[in-house]
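S.K.: Encoded as structure tokens, here's the structure I'll be asking about.
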Amino acid sequence: MTLRLTWRRIGIALAALVLGGLLFGWSGLFYVGATGGHWGVTNWFLHWVMQNSVRTYSLLVEEPPDLRDRALLARGAGHYATGCAPCHAAPGEPQNPVVSQSLPAPPDFSRRIDEWDSKEFFRIVQHGVRYSGMPAWPEPGRQDEVWSMVALLEALPSLSPEEYRRLAYGQEAAEFPAGGSAALARLSDPAAPVLADCARCHNRDGLGRDGDAFPIIAGQSETYLVETLRAFAEGRRHSGMMQPPAARAGDEALQAIARHYAAQPRAAAAAAPADAALIEQGERIAREGVVAQQVPACLSCHGDEALRRNLAFPRLDGQHAGYLQRQLEAWQSGVRGGGPRQELMRTVADRLTADQVKAVSAWFAAQGTRQEAASRP
Ligand code: HEC
Ligand code: HEC
Ligand code: HEC
């Protein structure tokens with residue numbers, strides 16, 4: 001007997017398949033437990049699909065910055081210790097056995113890490129992996145932050161446990177006993193010493209470490225610090241690195257920490273040598289603005305006088321040029337956000353050209369801490 005293929009028969013067959021699938025789901029016979037793992041063929045299929053997807057979508061990723069930059073590596077490691085190591089382990093910090101029972105289990109990077117190229121790593125970290133528990137970057141628009149994670153992933157196989165601990169915990173290493181489970185407990189422990197957490201990256205003196213990896217927060221106005229930390233905690237200022245520590249600290253602790261850092265003596269970053277003409281261009285912008293582009297003088301809000309009147313405005317003197325530049329660029333690409341007055345600044349940043357951003361950042365960085373003491377109560 002020959003069965004003639006008609007649209008009607010195909011339709012009926014498809015409907016029967018869908019109905020069968022629904023019945024099977026409804027019956028509860030499908031096993032969703034994580035024990036026993038996937039069949040070999042399922043494992044192969046899922047990884048094959050994931051690899052293909054990552055490879056294809058990585059074609060959209062832009063060219064990476066210089067990933068051997070020490071500051072990128074330090075920033076990546078600081079976040080990795082609390083944002084990734086609880087699942088993926090780290091050099092000298094074995095994987096938590098609880099985590100290794102999930103399906104798929106997060107690969108244990110203290111043993112080995114699969115080879116992906118930089119753009120593929122970028123894609124995985126930026127968007128996460130669906131159906132696997134691998135989270136997306138909290139602020140996918142902060143590409144600079146994602147690149148610092150890629151820098152760390154590429155360096156991971158060559159980092160000794162000592163080197164990793166220094167990069168991840170800074171001078172606070174003693175406060176953070178080695179071991180994935182300690183890191184996991186810390187994530188949910190509200191009593192964890194908040195300052196020790198902040199100091200991993202910013203140091204207790206607020207001057208940061210590893211070149212321009214972290215902004216200088218010493219001697220910043222307390223009002224600005226509190227408003228900024230709340231903005232991070234509530235997701236109004238966008239950073240996948242600062243959001244988690246600010247959110248897990250709690251408001252009371254944030255106020256105490258803001259007081260602590262506001263009281264630290266400010267010292268200028270070692271300014272990278274910059275071109276004299278560039279600095280001069282920056283000074284003109286800071287003092288006079290750019291009339292043709294309706295850019296007001298920066299010092300009308302960030303100068304000594306203005307800072308005395310407006311405690312909510314940040315001081316920029318002696319800050320790392322790279323950090324200032326990244327903030328202005330983040331406003332221009334729409335991902336900075338900030339405290340209650342950030343709209344003022346967004347308008348200003350939007351009107352600057354790339355050259356002007358570079359020049360004015362270099363000038364502020366080169367100011368040392370001239371405005372110190374006189375400016376702040
Ligand atoms: C809640 C646990 C969890 C956290 C936190 C987590 N991951 Fe993952 N990650 C996973 C899982 C599970 C996979 C496996 C995905 C798969 O096999 O399809 C994975 C896969 C990966 C991969 C691909 C590895 C490979 O070879 O297949 C990379 C790279 C990665 N994660 C990096 C990171 C980074 C960087 C962070 C921190 C920003 C992070 N992960 C945070 C669970 C996690
Ligand atoms: C994993 C490293 C890391 C940890 C931990 C960390 N920070 Fe940060 N912090 C950063 C980075 C990176 C930035 C720059 C964010 C950006 O580019 O938007 C930053 C920015 C800041 C700023 C904004 C500075 C400015 O001039 O606007 C403040 C304030 C701050 N951090 C305070 C803290 C406090 C308080 C804690 C502890 C609750 C903390 N940080 C924990 C890395 C860290
Ligand atoms: C009308 C007032 C005003 C003017 C003029 C102004 N700013 Fe700002 N600026 C602000 C405010 C308010 C903030 C804080 C935004 C926030 O909540 O994060 C800020 C923040 C910044 C930051 C981020 C600082 C940090 O620590 O993260 C940079 C960089 C900056 N301004 C640069 C400039 C430059 C360069 C100019 C001149 C071209 C300028 N500003 C002119 C009000 C102003």
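Please note that chains go A, B, ... in the order of the structure tokens, that every chain numbers its residues from 1, and that ligands are numbered from 1 in the order shown.
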Report as a Markdown table the residues of chain A within 7 Å of ligand 1, each with its shortest atom pair and distance in Å (one decimal), using only C-alpha atoms and all ligand atoms, ordered by chain and increasing residue number.

M.R.:
```
| residue | atom | partner | partner_atom_place_in_ligand_line | distance |
| --- | --- | --- | --- | --- |
| A:His47 | CA | ligand 1 | 18 (O) | 6.2 |
| A:Met50 | CA | ligand 1 | 18 (O) | 6.4 |
| A:Tyr80 | CA | ligand 1 | 37 (C) | 5.5 |
| A:Gly83 | CA | ligand 1 | 37 (C) | 4.9 |
| A:Cys84 | CA | ligand 1 | 37 (C) | 3.5 |
| A:Pro86 | CA | ligand 1 | 5 (C) | 6.3 |
| A:Cys87 | CA | ligand 1 | 2 (C) | 4.5 |
| A:His88 | CA | ligand 1 | 7 (N) | 6.3 |
| A:Leu103 | CA | ligand 1 | 12 (C) | 6.9 |
| A:Pro104 | CA | ligand 1 | 12 (C) | 5.2 |
| A:Ala105 | CA | ligand 1 | 12 (C) | 4.8 |
| A:Pro106 | CA | ligand 1 | 11 (C) | 3.6 |
| A:Pro107 | CA | ligand 1 | 24 (C) | 6.0 |
| A:Ile113 | CA | ligand 1 | 26 (O) | 5.8 |
| A:Asp114 | CA | ligand 1 | 26 (O) | 4.2 |
| A:Glu115 | CA | ligand 1 | 26 (O) | 6.9 |
| A:Phe121 | CA | ligand 1 | 29 (C) | 5.5 |
| A:Ile124 | CA | ligand 1 | 29 (C) | 6.0 |
| A:Val125 | CA | ligand 1 | 35 (C) | 5.5 |
| A:Val129 | CA | ligand 1 | 15 (C) | 5.8 |
| A:Ser132 | CA | ligand 1 | 12 (C) | 4.8 |
| A:Gly133 | CA | ligand 1 | 12 (C) | 4.8 |
| A:Met134 | CA | ligand 1 | 10 (C) | 3.7 |
| A:Pro135 | CA | ligand 1 | 6 (C) | 5.8 |
| A:Trp137 | CA | ligand 1 | 38 (C) | 6.5 |
| A:Met149 | CA | ligand 1 | 35 (C) | 5.6 |
| A:Leu153 | CA | ligand 1 | 35 (C) | 6.6 |
```

S.K.: Limited to N, CA and C atoms, could you put the picked residues into a file as an mmCIF file, in the first residue's frame?

M.R.:
```cif
data_model
loop_
_atom_site.group_PDB
_atom_site.id
_atom_site.type_symbol
_atom_site.label_atom_id
_atom_site.label_comp_id
_atom_site.auth_asym_id
_atom_site.auth_seq_id
_atom_site.Cartn_x
_atom_site.Cartn_y
_atom_site.Cartn_z
ATOM 1 N N HIS A 47 26.804 21.204 23.225
ATOM 2 C CA HIS A 47 28.052 21.945 23.067
ATOM 3 C C HIS A 47 28.289 22.383 21.633
ATOM 4 N N MET A 50 26.178 25.370 21.065
ATOM 5 C CA MET A 50 26.725 26.541 21.751
ATOM 6 C C MET A 50 27.959 27.075 21.023
ATOM 7 N N TYR A 80 36.360 38.960 39.108
ATOM 8 C CA TYR A 80 36.317 37.497 38.982
ATOM 9 C C TYR A 80 36.181 36.820 40.352
ATOM 10 N N GLY A 83 32.527 37.457 41.389
ATOM 11 C CA GLY A 83 31.494 37.321 40.365
ATOM 12 C C GLY A 83 31.582 36.026 39.566
ATOM 13 N N CYS A 84 32.734 35.390 39.521
ATOM 14 C CA CYS A 84 32.908 34.197 38.678
ATOM 15 C C CYS A 84 33.467 33.002 39.453
ATOM 16 N N PRO A 86 33.052 31.860 42.423
ATOM 17 C CA PRO A 86 32.133 30.976 43.150
ATOM 18 C C PRO A 86 31.624 29.826 42.271
ATOM 19 N N CYS A 87 31.518 30.011 40.977
ATOM 20 C CA CYS A 87 31.122 28.925 40.076
ATOM 21 C C CYS A 87 32.335 28.253 39.420
ATOM 22 N N HIS A 88 33.296 29.062 38.943
ATOM 23 C CA HIS A 88 34.348 28.522 38.064
ATOM 24 C C HIS A 88 35.666 28.197 38.765
ATOM 25 N N LEU A 103 23.917 21.016 36.356
ATOM 26 C CA LEU A 103 23.983 20.481 34.993
ATOM 27 C C LEU A 103 23.500 21.510 33.984
ATOM 28 N N PRO A 104 24.322 21.999 33.068
ATOM 29 C CA PRO A 104 25.740 21.648 32.957
ATOM 30 C C PRO A 104 26.527 22.274 34.106
ATOM 31 N N ALA A 105 27.578 21.583 34.558
ATOM 32 C CA ALA A 105 28.413 22.133 35.621
ATOM 33 C C ALA A 105 29.295 23.234 35.039
ATOM 34 N N PRO A 106 29.502 24.316 35.794
ATOM 35 C CA PRO A 106 30.427 25.341 35.300
ATOM 36 C C PRO A 106 31.821 24.726 35.157
ATOM 37 N N PRO A 107 32.487 24.912 34.002
ATOM 38 C CA PRO A 107 33.841 24.371 33.864
ATOM 39 C C PRO A 107 34.754 24.896 34.983
ATOM 40 N N ILE A 113 40.982 25.653 30.934
ATOM 41 C CA ILE A 113 39.975 26.514 30.317
ATOM 42 C C ILE A 113 40.009 26.266 28.817
ATOM 43 N N ASP A 114 38.851 26.053 28.220
ATOM 44 C CA ASP A 114 38.790 25.774 26.784
ATOM 45 C C ASP A 114 39.369 26.931 25.989
ATOM 46 N N GLU A 115 39.851 26.609 24.809
ATOM 47 C CA GLU A 115 40.401 27.676 23.981
ATOM 48 C C GLU A 115 39.314 28.357 23.176
ATOM 49 N N PHE A 121 35.359 34.748 23.673
ATOM 50 C CA PHE A 121 35.271 34.971 25.124
ATOM 51 C C PHE A 121 34.367 36.169 25.402
ATOM 52 N N ILE A 124 30.723 35.318 25.081
ATOM 53 C CA ILE A 124 30.226 34.471 26.172
ATOM 54 C C ILE A 124 30.017 35.314 27.440
ATOM 55 N N VAL A 125 31.000 36.154 27.765
ATOM 56 C CA VAL A 125 30.896 36.929 29.003
ATOM 57 C C VAL A 125 29.813 38.003 28.877
ATOM 58 N N VAL A 129 25.205 32.211 28.718
ATOM 59 C CA VAL A 129 24.801 31.050 27.917
ATOM 60 C C VAL A 129 23.430 30.572 28.396
ATOM 61 N N SER A 132 21.911 27.363 30.913
ATOM 62 C CA SER A 132 23.075 26.733 31.526
ATOM 63 C C SER A 132 23.430 27.355 32.873
ATOM 64 N N GLY A 133 22.834 28.452 33.245
ATOM 65 C CA GLY A 133 23.212 29.092 34.495
ATOM 66 C C GLY A 133 24.378 30.045 34.336
ATOM 67 N N MET A 134 24.972 30.127 33.143
ATOM 68 C CA MET A 134 26.061 31.087 32.907
ATOM 69 C C MET A 134 25.425 32.460 32.673
ATOM 70 N N PRO A 135 25.598 33.378 33.652
ATOM 71 C CA PRO A 135 24.883 34.660 33.568
ATOM 72 C C PRO A 135 25.471 35.613 32.535
ATOM 73 N N TRP A 137 26.591 39.529 31.390
ATOM 74 C CA TRP A 137 27.193 40.646 32.115
ATOM 75 C C TRP A 137 26.062 41.569 32.559
ATOM 76 N N MET A 149 37.331 41.399 31.599
ATOM 77 C CA MET A 149 37.133 39.989 31.960
ATOM 78 C C MET A 149 37.833 39.077 30.966
ATOM 79 N N LEU A 153 40.563 36.126 31.589
ATOM 80 C CA LEU A 153 40.368 34.733 31.148
ATOM 81 C C LEU A 153 41.571 34.256 30.330
#
```

S.K.: Just want the 9 Å neighbourhood of Glu288 (chain A), counted on only C-alpha atoms, with same-chain residues fewer than 4 positions away dropped. Output as a list in words.

M.R.: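 After dropping sequence-adjacent residues, the list is Glu283, Arg284, Val295, Pro296, Ala297, Cys298, Leu299 and Ser300 of chain A.
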
S.K.: I need the residues from that last selection saved to file as an mmCIF file, in the first residue's frame (with N, CA and C atoms), if you can.

M.R.:
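As written to disk, part_14.cif reads:
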```cif
data_model
loop_
_atom_site.group_PDB
_atom_site.id
_atom_site.type_symbol
_atom_site.label_atom_id
_atom_site.label_comp_id
_atom_site.auth_asym_id
_atom_site.auth_seq_id
_atom_site.Cartn_x
_atom_site.Cartn_y
_atom_site.Cartn_z
ATOM 1 N N GLU A 283 43.174 72.570 29.042
ATOM 2 C CA GLU A 283 43.026 73.674 30.004
ATOM 3 C C GLU A 283 42.025 74.705 29.489
ATOM 4 N N ARG A 284 42.113 75.015 28.180
ATOM 5 C CA ARG A 284 41.168 75.990 27.611
ATOM 6 C C ARG A 284 39.734 75.509 27.785
ATOM 7 N N VAL A 295 29.570 74.189 24.939
ATOM 8 C CA VAL A 295 30.116 73.451 26.081
ATOM 9 C C VAL A 295 30.514 74.463 27.148
ATOM 10 N N PRO A 296 29.916 74.380 28.348
ATOM 11 C CA PRO A 296 30.290 75.323 29.408
ATOM 12 C C PRO A 296 31.666 74.987 29.980
ATOM 13 N N ALA A 297 32.274 75.961 30.643
ATOM 14 C CA ALA A 297 33.563 75.702 31.297
ATOM 15 C C ALA A 297 33.378 74.604 32.342
ATOM 16 N N CYS A 298 34.235 73.601 32.305
ATOM 17 C CA CYS A 298 34.120 72.506 33.281
ATOM 18 C C CYS A 298 34.260 73.038 34.701
ATOM 19 N N LEU A 299 35.154 74.043 34.867
ATOM 20 C CA LEU A 299 35.428 74.531 36.219
ATOM 21 C C LEU A 299 34.229 75.274 36.805
ATOM 22 N N SER A 300 33.240 75.630 35.958
ATOM 23 C CA SER A 300 32.053 76.273 36.531
ATOM 24 C C SER A 300 31.298 75.295 37.422
#
```

S.K.: Would you list the residues that come within 6 Å of ligand 3? Count only C-alpha atoms and all ligand atoms and give the answer as JSON, numbers by chain.

M.R.: {"A": [286, 296, 297, 298, 300, 301, 313, 314, 324, 327, 328, 338, 339, 340, 341, 342, 344, 345, 348, 360]}

S.K.: Around ligand 2, at most 7 Å away and counting only C-alpha atoms and all ligand atoms, which residues are there? Put them as JSON, numbers by chain, please.

M.R.: {"A": [75, 78, 79, 194, 195, 197, 198, 199, 200, 201, 202, 213, 214, 215, 216, 217, 225, 228, 229, 238, 239, 241, 242, 245, 246, 249, 254, 257, 258, 314, 323, 326, 327, 336]}

S.K.: Find the distance between CA of Gln356 (chain A) and CA of Arg315 (chain A) and write it in Å to one decimal.

M.R.: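 For CA of Gln356 (chain A) relative to CA of Arg315 (chain A), the distance reads 19.0 Å.
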
S.K.: Which residues are near Leu59 (chain A)? Cut-off 9 Å, only C-alpha atoms, ignore same chain within fewer than 4 positions. Put them as number ranges by chain.

M.R.: A: 54-55, 119-120

S.K.: From the list A:Gly235, A:Gly33, A:Gly337, A:Gly141, which residue is nearest Ala349 (chain A) when using only C-alpha atoms?

M.R.: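 Closest candidate: A:Gly337.
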
S.K.: Based on DSSP run over this structure's backbone, return all residues of region 175-259 of chain A in helix (DSSP H, G or I), as a PDB file with C-alpha atoms, in the first residue's frame.

M.R.:
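Result written to states_31.pdb:
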```pdb
ATOM      1  CA  GLU A 175      40.921  38.913  54.864  1.00  0.00           C
ATOM      2  CA  GLY A 180      35.696  28.662  46.526  1.00  0.00           C
ATOM      3  CA  SER A 181      33.272  27.951  49.358  1.00  0.00           C
ATOM      4  CA  ALA A 182      34.492  30.938  51.373  1.00  0.00           C
ATOM      5  CA  ALA A 183      33.847  33.161  48.378  1.00  0.00           C
ATOM      6  CA  LEU A 184      30.364  31.690  47.948  1.00  0.00           C
ATOM      7  CA  ALA A 185      29.425  32.239  51.621  1.00  0.00           C
ATOM      8  CA  ARG A 186      30.615  35.824  51.364  1.00  0.00           C
ATOM      9  CA  LEU A 187      28.113  36.588  48.622  1.00  0.00           C
ATOM     10  CA  SER A 188      25.146  36.003  50.903  1.00  0.00           C
ATOM     11  CA  VAL A 194      32.235  45.692  53.584  1.00  0.00           C
ATOM     12  CA  LEU A 195      35.351  47.802  53.725  1.00  0.00           C
ATOM     13  CA  ALA A 196      37.521  44.729  53.140  1.00  0.00           C
ATOM     14  CA  ASP A 197      35.487  44.067  49.998  1.00  0.00           C
ATOM     15  CA  CYS A 198      35.880  47.640  48.677  1.00  0.00           C
ATOM     16  CA  ALA A 199      39.553  47.677  49.610  1.00  0.00           C
ATOM     17  CA  ARG A 200      40.300  44.634  47.419  1.00  0.00           C
ATOM     18  CA  CYS A 201      40.105  47.039  44.504  1.00  0.00           C
ATOM     19  CA  HIS A 202      40.287  50.585  45.934  1.00  0.00           C
ATOM     20  CA  GLU A 222      30.923  62.427  51.016  1.00  0.00           C
ATOM     21  CA  THR A 223      27.646  63.587  49.461  1.00  0.00           C
ATOM     22  CA  TYR A 224      28.816  62.610  45.974  1.00  0.00           C
ATOM     23  CA  LEU A 225      30.103  59.259  47.237  1.00  0.00           C
ATOM     24  CA  VAL A 226      26.806  58.367  48.958  1.00  0.00           C
ATOM     25  CA  GLU A 227      24.727  59.396  45.950  1.00  0.00           C
ATOM     26  CA  THR A 228      27.033  57.539  43.582  1.00  0.00           C
ATOM     27  CA  LEU A 229      27.056  54.346  45.655  1.00  0.00           C
ATOM     28  CA  ARG A 230      23.254  54.407  45.858  1.00  0.00           C
ATOM     29  CA  ALA A 231      23.102  54.941  42.101  1.00  0.00           C
ATOM     30  CA  PHE A 232      25.304  51.858  41.593  1.00  0.00           C
ATOM     31  CA  ALA A 233      23.309  49.784  44.088  1.00  0.00           C
ATOM     32  CA  GLN A 243      26.856  47.223  41.074  1.00  0.00           C
ATOM     33  CA  PRO A 244      27.379  43.933  42.962  1.00  0.00           C
ATOM     34  CA  PRO A 245      29.629  45.286  45.771  1.00  0.00           C
ATOM     35  CA  ALA A 246      27.410  48.369  46.252  1.00  0.00           C
ATOM     36  CA  ALA A 247      24.213  46.320  46.273  1.00  0.00           C
ATOM     37  CA  ARG A 248      25.475  43.672  48.686  1.00  0.00           C
ATOM     38  CA  ALA A 249      26.836  46.268  51.152  1.00  0.00           C
ATOM     39  CA  ASP A 251      22.679  51.410  52.636  1.00  0.00           C
ATOM     40  CA  GLU A 252      23.875  51.824  56.205  1.00  0.00           C
ATOM     41  CA  ALA A 253      27.284  50.367  55.450  1.00  0.00           C
ATOM     42  CA  LEU A 254      27.549  52.485  52.285  1.00  0.00           C
ATOM     43  CA  GLN A 255      27.099  55.672  54.295  1.00  0.00           C
ATOM     44  CA  ALA A 256      29.819  54.633  56.738  1.00  0.00           C
ATOM     45  CA  ILE A 257      32.147  53.693  53.881  1.00  0.00           C
ATOM     46  CA  ALA A 258      31.505  56.993  52.093  1.00  0.00           C
ATOM     47  CA  ARG A 259      32.508  58.796  55.307  1.00  0.00           C
TER      48      ARG A 259
END
```

S.K.: Measure the distance from CA of Ala267 (chain A) to CA of Ala218 (chain A) in Å and round it to one decimal.

M.R.: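 Taking CA of Ala267 (chain A) and CA of Ala218 (chain A), their separation equals 7.7 Å.
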
S.K.: Can you list, as a list in words, every protein, DNA or RNA residue that comes within 8 Å of region 65-68 of chain A when you count only C-alpha atoms, leaving out same-chain residues fewer than 3 positions away?

M.R.: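 So, after excluding close chain neighbours, the residues are Leu72, Leu73, Trp147, Ser148, Val150 and Ala151 of chain A.
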
S.K.: Enter the distance from CA of Arg351 (chain A) to CA of Ala292 (chain A), in Å, rounded to one decimal.

M.R.: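 Value for the CA of Arg351 (chain A)-CA of Ala292 (chain A) distance: 10.1 Å.
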
S.K.: Determine the nearest neighbour of Ala366 (chain A) from the options A:Asp304, A:Gln325, A:Thr353, A:Gly282, counting only C-alpha atoms.

M.R.: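 Smallest separation from Ala366 (chain A) among the options: A:Gly282.
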
S.K.: Using only C-alpha atoms, pick whichever of A:Val335, A:Ala155, A:Ile12, A:Leu46 has the shortest atom-to-atom distance to Arg236 (chain A).

M.R.: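 Using only C-alpha atoms, the shortest distance to Arg236 (chain A) belongs to A:Val335.
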
S.K.: Determine the nearest neighbour of Arg204 (chain A) from the options A:Gly318, A:Pro265, A:Pro138, A:Gly334, counting only C-alpha atoms.

M.R.: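 Smallest distance to Arg204 (chain A) is found for A:Pro265.
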